[in-house]
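Engineer: Sharing a structure here in structure tokens format.
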Amino acid sequence: RFGLPGMAAYGASKAGVMNYCESLAISLADSNIAVTCIVPGFIATPLTQSNDHEMPFVMDVASAADKIFKAIQRRRVLYVLPWQMRLLSAVLMRLPRNGFRWLAARKKPFIE
């Protein structure tokens with residue numbers, strides 16, 4: 001939901017998916033089709049096992065799948081998981097952009 005140092009392409013792809021979900025939701029509303037945009041934090045998968053950077057709030061696959069399934073059942077518009085990432089995201093999204101950039105610049109990039 002915001003740019004992180006060293007993750008420009010990854011962040012842009014997530015933003016693109018969120019925009020796509022929003023467009024689909026509006027286009028499909030008259031057809032009674034709900035669109036849930038899932039924004040996961042880190043999930044312990046074979047792909048993330050190769051990461052050599054910090055993965056705060058990493059979730060196991062079964063817990064993540066259960067939470068995602070429930071969010072879709074409840075027709076949530078946007079679902080950020082885990083809850084710690086949702087809280088952190090909400091706080092960071094409310095910072096003034098220059099404040100966020102100052103804070104993010106002090107964090108070691110995920111990918112160097």
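Labels for the structure tokens follow display order: chains A, B, ..., residues from 1 in each chain, ligands from 1.
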DSSP on the backbone, then: every residue of region 8-107 of chain A marked strand (DSSP E or B), written as a list in words.
Structural biologist: Cys37, Ile38, Val39, Pro40, Ile43, Ala44, Met59, Asp60, Leu78, Tyr79, Val80 and Leu81 of chain A
Engineer: Region 86-100 of chain A: which residues within 10 Å, counting only C-alpha atoms, same-chain residues fewer than 3 positions away excluded, as a ChimeraX atom specification?
Structural biologist: /A:1-4,39-41,79-83,103-105
Engineer: Would you return as a PyMOL selection string the members of region 1-43 of chain A that DSSP assigns to alpha helix (DSSP H) on this structure's backbone?
Structural biologist: chain A and resi 8-28
Engineer: Go ahead and save the picked residues with all heavy atoms, as a compact mmCIF listing (two decimals), in the first residue's frame.
Structural biologist:
```
# COMPACT_ATOMS: atom_id res chain seq x y z
N ALA A 8 10.77 -1.37 -5.38
CA ALA A 8 9.95 -0.54 -6.26
C ALA A 8 9.08 -1.36 -7.21
O ALA A 8 7.88 -1.11 -7.32
CB ALA A 8 10.84 0.41 -7.06
N ALA A 9 9.66 -2.33 -7.88
CA ALA A 9 8.89 -3.13 -8.84
C ALA A 9 7.82 -3.96 -8.12
O ALA A 9 6.68 -4.05 -8.58
CB ALA A 9 9.81 -4.04 -9.65
N TYR A 10 8.17 -4.55 -7.01
CA TYR A 10 7.22 -5.35 -6.24
C TYR A 10 6.06 -4.47 -5.75
O TYR A 10 4.89 -4.84 -5.88
CB TYR A 10 7.92 -6.02 -5.06
CG TYR A 10 7.01 -6.85 -4.20
CD1 TYR A 10 6.58 -8.10 -4.63
CD2 TYR A 10 6.57 -6.39 -2.96
CE1 TYR A 10 5.74 -8.87 -3.86
CE2 TYR A 10 5.72 -7.15 -2.18
CZ TYR A 10 5.31 -8.40 -2.63
OH TYR A 10 4.47 -9.16 -1.87
N GLY A 11 6.39 -3.30 -5.20
CA GLY A 11 5.36 -2.38 -4.73
C GLY A 11 4.44 -1.91 -5.85
O GLY A 11 3.23 -1.81 -5.69
N ALA A 12 5.04 -1.63 -7.01
CA ALA A 12 4.24 -1.19 -8.15
C ALA A 12 3.29 -2.29 -8.61
O ALA A 12 2.13 -2.03 -8.97
CB ALA A 12 5.15 -0.76 -9.30
N SER A 13 3.75 -3.55 -8.58
CA SER A 13 2.88 -4.65 -9.01
C SER A 13 1.72 -4.82 -8.03
O SER A 13 0.59 -5.07 -8.44
CB SER A 13 3.67 -5.95 -9.17
OG SER A 13 4.13 -6.43 -7.92
N LYS A 14 1.98 -4.68 -6.72
CA LYS A 14 0.90 -4.78 -5.74
C LYS A 14 -0.10 -3.64 -5.93
O LYS A 14 -1.31 -3.84 -5.85
CB LYS A 14 1.44 -4.77 -4.31
CG LYS A 14 1.68 -6.14 -3.75
CD LYS A 14 1.83 -6.10 -2.24
CE LYS A 14 1.80 -7.51 -1.70
NZ LYS A 14 1.86 -7.57 -0.25
N ALA A 15 0.40 -2.44 -6.17
CA ALA A 15 -0.49 -1.29 -6.39
C ALA A 15 -1.34 -1.52 -7.63
O ALA A 15 -2.53 -1.18 -7.66
CB ALA A 15 0.33 -0.01 -6.52
N GLY A 16 -0.74 -2.10 -8.67
CA GLY A 16 -1.48 -2.40 -9.88
C GLY A 16 -2.60 -3.40 -9.64
O GLY A 16 -3.72 -3.25 -10.15
N VAL A 17 -2.33 -4.42 -8.84
CA VAL A 17 -3.36 -5.42 -8.52
C VAL A 17 -4.48 -4.77 -7.72
O VAL A 17 -5.67 -5.03 -7.97
CB VAL A 17 -2.75 -6.61 -7.74
CG1 VAL A 17 -3.84 -7.51 -7.17
CG2 VAL A 17 -1.83 -7.41 -8.65
N MET A 18 -4.14 -3.90 -6.78
CA MET A 18 -5.18 -3.22 -6.00
C MET A 18 -6.06 -2.35 -6.90
O MET A 18 -7.29 -2.34 -6.76
CB MET A 18 -4.54 -2.39 -4.88
CG MET A 18 -3.91 -3.27 -3.81
SD MET A 18 -3.06 -2.33 -2.53
CE MET A 18 -4.44 -1.52 -1.76
N ASN A 19 -5.45 -1.64 -7.82
CA ASN A 19 -6.20 -0.80 -8.75
C ASN A 19 -7.09 -1.66 -9.64
O ASN A 19 -8.25 -1.33 -9.90
CB ASN A 19 -5.20 0.02 -9.59
CG ASN A 19 -5.87 1.09 -10.40
OD1 ASN A 19 -6.79 0.82 -11.16
ND2 ASN A 19 -5.37 2.30 -10.27
N TYR A 20 -6.56 -2.78 -10.11
CA TYR A 20 -7.32 -3.72 -10.95
C TYR A 20 -8.54 -4.25 -10.19
O TYR A 20 -9.65 -4.29 -10.73
CB TYR A 20 -6.40 -4.86 -11.38
CG TYR A 20 -7.06 -5.87 -12.28
CD1 TYR A 20 -7.49 -5.54 -13.56
CD2 TYR A 20 -7.24 -7.18 -11.86
CE1 TYR A 20 -8.08 -6.48 -14.39
CE2 TYR A 20 -7.83 -8.12 -12.68
CZ TYR A 20 -8.25 -7.77 -13.94
OH TYR A 20 -8.84 -8.70 -14.75
N CYS A 21 -8.34 -4.64 -8.93
CA CYS A 21 -9.46 -5.14 -8.12
C CYS A 21 -10.54 -4.07 -7.95
O CYS A 21 -11.73 -4.37 -8.03
CB CYS A 21 -8.95 -5.60 -6.74
SG CYS A 21 -8.04 -7.14 -6.77
N GLU A 22 -10.11 -2.85 -7.73
CA GLU A 22 -11.07 -1.75 -7.56
C GLU A 22 -11.88 -1.56 -8.84
O GLU A 22 -13.10 -1.43 -8.80
CB GLU A 22 -10.34 -0.46 -7.19
CG GLU A 22 -11.26 0.66 -6.80
CD GLU A 22 -11.99 0.41 -5.49
OE1 GLU A 22 -11.46 -0.31 -4.62
OE2 GLU A 22 -13.12 0.92 -5.34
N SER A 23 -11.22 -1.58 -9.97
CA SER A 23 -11.91 -1.43 -11.25
C SER A 23 -12.89 -2.58 -11.49
O SER A 23 -14.03 -2.37 -11.92
CB SER A 23 -10.91 -1.37 -12.40
OG SER A 23 -10.12 -0.22 -12.30
N LEU A 24 -12.44 -3.81 -11.21
CA LEU A 24 -13.33 -4.97 -11.37
C LEU A 24 -14.55 -4.87 -10.47
O LEU A 24 -15.67 -5.18 -10.89
CB LEU A 24 -12.58 -6.26 -11.04
CG LEU A 24 -11.68 -6.85 -12.10
CD1 LEU A 24 -11.00 -8.11 -11.57
CD2 LEU A 24 -12.45 -7.17 -13.36
N ALA A 25 -14.33 -4.47 -9.23
CA ALA A 25 -15.44 -4.38 -8.27
C ALA A 25 -16.51 -3.43 -8.77
O ALA A 25 -17.71 -3.72 -8.69
CB ALA A 25 -14.92 -3.94 -6.91
N ILE A 26 -16.09 -2.30 -9.32
CA ILE A 26 -17.05 -1.32 -9.82
C ILE A 26 -17.76 -1.87 -11.06
O ILE A 26 -18.98 -1.78 -11.19
CB ILE A 26 -16.34 0.02 -10.12
CG1 ILE A 26 -15.82 0.63 -8.81
CG2 ILE A 26 -17.28 0.99 -10.84
CD1 ILE A 26 -14.81 1.74 -9.00
N SER A 27 -16.99 -2.45 -11.96
CA SER A 27 -17.56 -2.98 -13.20
C SER A 27 -18.52 -4.14 -12.98
O SER A 27 -19.48 -4.32 -13.72
CB SER A 27 -16.43 -3.45 -14.14
OG SER A 27 -15.62 -2.38 -14.51
N LEU A 28 -18.26 -4.96 -11.95
CA LEU A 28 -19.05 -6.16 -11.72
C LEU A 28 -20.16 -6.00 -10.68
O LEU A 28 -20.92 -6.94 -10.44
CB LEU A 28 -18.13 -7.31 -11.31
CG LEU A 28 -17.08 -7.71 -12.35
CD1 LEU A 28 -16.10 -8.71 -11.76
CD2 LEU A 28 -17.74 -8.25 -13.60
```
Engineer: Which one of A:Arg101, A:Val77, A:Ile43, A:Ala29 sits closest to Ala64 (chain A) if you count only C-alpha atoms?
Structural biologist: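 Checking each of A:Arg101, A:Val77, A:Ile43, A:Ala29 against Ala64 (chain A), counting only C-alpha atoms, the winner is A:Ile43.
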Engineer: Could you state the separation of CA of Ile68 (chain A) and CA of Gly6 (chain A) in Å, given to one decimal place?
Structural biologist: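 Taking CA of Ile68 (chain A) and CA of Gly6 (chain A), their separation equals 27.2 Å.
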Engineer: Which of these residues is nearest to Arg74 (chain A), using only C-alpha atoms: A:Thr36, A:Pro5, A:Asn51, A:Asp30?
Structural biologist: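 The closest residue to Arg74 (chain A) is A:Thr36.
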Engineer: From the set A:Val35, A:Arg106, A:Val61, A:Lys70, which residue has the shortest atom-to-atom contact distance to Leu47 (chain A), counting only C-alpha atoms?
Structural biologist: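 Once distances to Leu47 (chain A) are computed over only C-alpha atoms, the minimum belongs to A:Val61.
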Engineer: Out of A:Met85, A:Leu78, A:Met7, A:Thr45, which residue has the shortest atom-to-atom distance to Ala62 (chain A) when counting only C-alpha atoms?
Structural biologist: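 Among the listed residues, A:Thr45 lies closest to Ala62 (chain A).
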